[in-house]
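The structure file upload-v5.pdb is reproduced below (PDB, C-alpha atoms, pLDDT in the B column).
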ATOM      1  CA  MET A   1      68.678  70.921  84.853  1.00 57.00           C
ATOM      2  CA  GLU A   2      69.415  74.614  85.419  1.00 70.00           C
ATOM      3  CA  GLN A   3      68.829  76.909  82.459  1.00 88.00           C
ATOM      4  CA  LEU A   4      71.664  79.146  81.245  1.00 96.00           C
ATOM      5  CA  LYS A   5      70.752  82.702  80.291  1.00 97.00           C
ATOM      6  CA  ILE A   6      73.138  84.628  78.053  1.00 98.00           C
ATOM      7  CA  GLN A   7      72.974  88.337  77.340  1.00 98.00           C
ATOM      8  CA  GLU A   8      75.329  89.886  74.819  1.00 97.00           C
ATOM      9  CA  LYS A   9      76.515  93.488  74.939  1.00 97.00           C
ATOM     10  CA  LYS A  10      79.073  95.425  72.901  1.00 96.00           C
ATOM     11  CA  GLY A  11      81.740  97.848  74.078  1.00 94.00           C
ATOM     12  CA  ALA A  12      84.267  99.971  72.218  1.00 91.00           C
ATOM     13  CA  ASN A  13      86.903  97.236  72.039  1.00 95.00           C
ATOM     14  CA  TYR A  14      85.137  94.190  73.434  1.00 97.00           C
ATOM     15  CA  ALA A  15      82.030  92.045  73.489  1.00 98.00           C
ATOM     16  CA  LEU A  16      80.482  91.112  76.823  1.00 98.00           C
ATOM     17  CA  LEU A  17      78.598  87.911  77.574  1.00 98.00           C
ATOM     18  CA  GLU A  18      76.655  88.027  80.835  1.00 98.00           C
ATOM     19  CA  LEU A  19      76.011  84.452  81.953  1.00 98.00           C
ATOM     20  CA  VAL A  20      73.372  83.533  84.533  1.00 97.00           C
ATOM     21  CA  GLY A  21      72.758  80.002  85.833  1.00 96.00           C
ATOM     22  CA  SER A  22      74.724  76.798  85.472  1.00 96.00           C
ATOM     23  CA  ILE A  23      77.037  75.990  82.583  1.00 96.00           C
ATOM     24  CA  ASP A  24      76.967  72.268  81.938  1.00 94.00           C
ATOM     25  CA  SER A  25      76.800  69.559  79.287  1.00 94.00           C
ATOM     26  CA  TYR A  26      73.068  70.195  78.782  1.00 93.00           C
ATOM     27  CA  ASN A  27      73.315  73.864  77.871  1.00 94.00           C
ATOM     28  CA  PHE A  28      76.868  74.855  76.867  1.00 95.00           C
ATOM     29  CA  THR A  29      76.264  74.841  73.086  1.00 96.00           C
ATOM     30  CA  GLU A  30      74.871  78.371  72.729  1.00 96.00           C
ATOM     31  CA  PHE A  31      77.606  79.704  75.037  1.00 97.00           C
ATOM     32  CA  GLN A  32      80.239  77.951  72.929  1.00 98.00           C
ATOM     33  CA  GLN A  33      78.874  79.288  69.636  1.00 98.00           C
ATOM     34  CA  LYS A  34      78.675  82.883  70.881  1.00 98.00           C
ATOM     35  CA  ALA A  35      82.050  82.856  72.648  1.00 98.00           C
ATOM     36  CA  PHE A  36      83.972  81.380  69.714  1.00 98.00           C
ATOM     37  CA  SER A  37      82.273  83.665  67.191  1.00 97.00           C
ATOM     38  CA  LEU A  38      82.977  86.820  69.199  1.00 98.00           C
ATOM     39  CA  ILE A  39      86.569  86.085  70.290  1.00 98.00           C
ATOM     40  CA  ARG A  40      87.622  85.689  66.659  1.00 97.00           C
ATOM     41  CA  SER A  41      86.873  89.361  65.991  1.00 97.00           C
ATOM     42  CA  THR A  42      87.253  91.217  69.299  1.00 97.00           C
ATOM     43  CA  ASN A  43      88.240  90.959  72.945  1.00 98.00           C
ATOM     44  CA  LEU A  44      85.700  88.961  74.947  1.00 98.00           C
ATOM     45  CA  VAL A  45      84.574  89.585  78.510  1.00 98.00           C
ATOM     46  CA  LEU A  46      82.740  86.774  80.292  1.00 98.00           C
ATOM     47  CA  ASP A  47      80.733  88.070  83.243  1.00 98.00           C
ATOM     48  CA  LEU A  48      80.562  85.006  85.495  1.00 98.00           C
ATOM     49  CA  SER A  49      79.243  86.773  88.594  1.00 98.00           C
ATOM     50  CA  GLU A  50      75.867  85.014  88.343  1.00 97.00           C
ATOM     51  CA  VAL A  51      77.129  81.551  87.374  1.00 97.00           C
ATOM     52  CA  ILE A  52      75.935  79.033  89.958  1.00 95.00           C
ATOM     53  CA  SER A  53      78.093  76.142  88.813  1.00 94.00           C
ATOM     54  CA  MET A  54      80.220  75.025  85.892  1.00 95.00           C
ATOM     55  CA  ASP A  55      81.228  71.536  84.799  1.00 95.00           C
ATOM     56  CA  SER A  56      83.925  70.393  82.381  1.00 94.00           C
ATOM     57  CA  SER A  57      81.813  71.475  79.384  1.00 95.00           C
ATOM     58  CA  GLY A  58      81.852  75.098  80.520  1.00 95.00           C
ATOM     59  CA  LEU A  59      85.534  74.936  81.363  1.00 95.00           C
ATOM     60  CA  SER A  60      86.252  73.493  77.928  1.00 96.00           C
ATOM     61  CA  VAL A  61      84.474  76.438  76.275  1.00 97.00           C
ATOM     62  CA  ILE A  62      86.482  78.951  78.318  1.00 97.00           C
ATOM     63  CA  LEU A  63      89.806  77.243  77.593  1.00 95.00           C
ATOM     64  CA  GLY A  64      88.949  76.912  73.896  1.00 97.00           C
ATOM     65  CA  ALA A  65      87.868  80.557  73.652  1.00 98.00           C
ATOM     66  CA  TYR A  66      91.087  81.622  75.361  1.00 97.00           C
ATOM     67  CA  THR A  67      93.171  79.703  72.789  1.00 97.00           C
ATOM     68  CA  THR A  68      91.067  80.916  69.851  1.00 98.00           C
ATOM     69  CA  GLY A  69      91.448  84.492  71.073  1.00 97.00           C
ATOM     70  CA  GLU A  70      95.212  84.148  71.415  1.00 97.00           C
ATOM     71  CA  ASP A  71      95.400  82.834  67.842  1.00 97.00           C
ATOM     72  CA  ALA A  72      93.291  85.774  66.594  1.00 97.00           C
ATOM     73  CA  GLY A  73      95.188  88.393  68.604  1.00 97.00           C
ATOM     74  CA  ASN A  74      92.289  89.000  70.996  1.00 97.00           C
ATOM     75  CA  THR A  75      92.046  88.611  74.760  1.00 97.00           C
ATOM     76  CA  LEU A  76      89.589  86.688  76.926  1.00 98.00           C
ATOM     77  CA  TYR A  77      88.680  88.377  80.217  1.00 98.00           C
ATOM     78  CA  ILE A  78      86.787  86.775  83.069  1.00 97.00           C
ATOM     79  CA  MET A  79      84.850  89.343  85.056  1.00 98.00           C
ATOM     80  CA  ARG A  80      83.832  88.919  88.696  1.00 98.00           C
ATOM     81  CA  PRO A  81      83.673  85.110  88.748  1.00 97.00           C
ATOM     82  CA  SER A  82      81.238  83.759  91.346  1.00 97.00           C
ATOM     83  CA  THR A  83      82.608  81.440  94.012  1.00 96.00           C
ATOM     84  CA  GLY A  84      81.403  78.401  92.044  1.00 94.00           C
ATOM     85  CA  ALA A  85      82.894  79.621  88.776  1.00 95.00           C
ATOM     86  CA  HIS A  86      86.175  80.588  90.444  1.00 95.00           C
ATOM     87  CA  LYS A  87      86.510  77.169  92.090  1.00 95.00           C
ATOM     88  CA  ALA A  88      85.802  75.401  88.793  1.00 94.00           C
ATOM     89  CA  ILE A  89      88.389  77.475  86.919  1.00 94.00           C
ATOM     90  CA  GLU A  90      90.890  77.100  89.743  1.00 93.00           C
ATOM     91  CA  SER A  91      90.489  73.307  89.575  1.00 92.00           C
ATOM     92  CA  THR A  92      91.957  73.346  86.056  1.00 88.00           C
ATOM     93  CA  GLY A  93      95.235  74.791  87.295  1.00 90.00           C
ATOM     94  CA  PHE A  94      94.930  77.600  84.733  1.00 87.00           C
ATOM     95  CA  ILE A  95      93.498  80.318  86.998  1.00 90.00           C
ATOM     96  CA  ASP A  96      96.670  82.411  86.676  1.00 91.00           C
ATOM     97  CA  THR A  97      96.492  82.142  82.880  1.00 91.00           C
ATOM     98  CA  PHE A  98      93.265  84.130  82.649  1.00 94.00           C
ATOM     99  CA  HIS A  99      92.794  87.865  82.926  1.00 95.00           C
ATOM    100  CA  ILE A 100      90.456  88.196  85.917  1.00 96.00           C
ATOM    101  CA  ILE A 101      88.858  91.654  86.079  1.00 97.00           C
ATOM    102  CA  GLN A 102      86.283  93.397  88.262  1.00 97.00           C
ATOM    103  CA  THR A 103      84.899  95.859  85.691  1.00 95.00           C
ATOM    104  CA  VAL A 104      84.906  96.313  81.900  1.00 95.00           C
ATOM    105  CA  THR A 105      86.996  99.482  82.304  1.00 92.00           C
ATOM    106  CA  GLU A 106      89.957  97.127  82.847  1.00 93.00           C
ATOM    107  CA  VAL A 107      89.748  95.813  79.256  1.00 93.00           C
ATOM    108  CA  LEU A 108      92.802  97.008  77.335  1.00 80.00           C
TER     109      LEU A 108
END

Produce structure tokens that represent the structure in this file.
Amino acid sequence: MEQLKIQEKKGANYALLELVGSIDSYNFTEFQQKAFSLIRSTNLVLDLSEVISMDSSGLSVILGAYTTGEDAGNTLYIMRPSTGAHKAIESTGFIDTFHIIQTVTEVL
């Protein structure tokens, strides 16, 4: 079981969660709590550049945060997804739904 490390940072009009490791059914809870809490009040950037793999639990958090953000008038951004993260998101068929960015300066 790969540990998931989460670091939270704040920007002028966004919160950033830097995720390192695997996002799976064993460790998604903290990610879910932070993502849903933050997206209700501000734009949320998920830095997935260091995500090794992601299962349906991680994908569910991302999709849920996207919907919660839309309802609250905030935007979910996915920054520099790793190959594993990109493939997982692409498998949902929703890859074009998300705002994929390379740097936080792209946050509106």

Closest atom pairs, residues of stretch 63-96 of chain A within 6 Å of stretch 44-59 of chain A, all atoms listed in the file, as a tab-separated table:
residue	atom	partner	partner_atom	distance
A:Leu76	CA	A:Leu44	CA	4.9
A:Tyr77	CA	A:Val45	CA	4.6
A:Ile78	CA	A:Leu46	CA	4.9
A:Met79	CA	A:Asp47	CA	4.7
A:Arg80	CA	A:Ser49	CA	5.1
A:Pro81	CA	A:Leu48	CA	4.5
A:Ser82	CA	A:Ser49	CA	4.5
A:Gly84	CA	A:Ser53	CA	5.1
A:Ala85	CA	A:Ser53	CA	5.9

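Within a radius of 12 Å around (66.6, 76.4, 84.0), the polymer residues are Met1, Glu2, Gln3, Leu4, Lys5, Val20, Gly21, Ser22, Ile23, Asp24, Tyr26, Asn27 and Ile52 of chain A, counting all atoms listed in the file.
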
So that I can see what lies close to A:Ser60, please list as a list in words the residues with an atom at most 10 Å from it, counting only C-alpha atoms and leaving out residues fewer than 4 positions away in the same chain. Phe28, Gln32, Asp55, Ser56, Gly64, Ala65, Tyr66 and Thr92 of chain A

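Within 7 Å of the point (93.4, 79.7, 78.6), and counting all atoms listed in the file, the protein, DNA and RNA residues are Ile62, Leu63, Tyr66, Thr67, Phe94, Thr97 and Phe98 of chain A.
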
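Nearest to A:Gln7 of all the residues A:Lys87, A:His99, A:Arg40, A:Lys34 is A:Lys34, counting all atoms listed in the file.
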
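Across A:Val61, A:Ala12, A:Ala72, A:Ile6, the tightest approach to A:Val104 is made by A:Ala12 when counting all atoms listed in the file.
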
Calculate how many Å separate atom CA of A:Glu8 from atom CA of A:Ser91, rounding to one decimal. 26.9 Å

What separates atom CA of A:Asp71 and atom CA of A:Thr83 is a distance of 29.2 Å

Measuring between all atoms listed in the file, which one of A:Ile101, A:Glu70, A:Glu30, A:Thr75 shows the shortest distance to A:Ala15? A:Thr75

Enter the distance from atom CA of A:Glu106 to atom CA of A:Asn13, in Å, rounded to one decimal. 11.2 Å

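Remark: for A:Thr105, the closest of the candidate residues A:Ile89, A:Ile39, A:Tyr14, A:Ser25 is A:Tyr14 (distances computed over only C-alpha atoms).
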
Give the padded box for stretch 87-105 of chain A as JSON: axis-aligned, covering all atoms listed in the file, 6 Å on each side, centre and edge lengths in Å to one decimal.
{"center_x": 90.8, "center_y": 86.4, "center_z": 87.0, "size_x": 23.8, "size_y": 38.2, "size_z": 22.2}
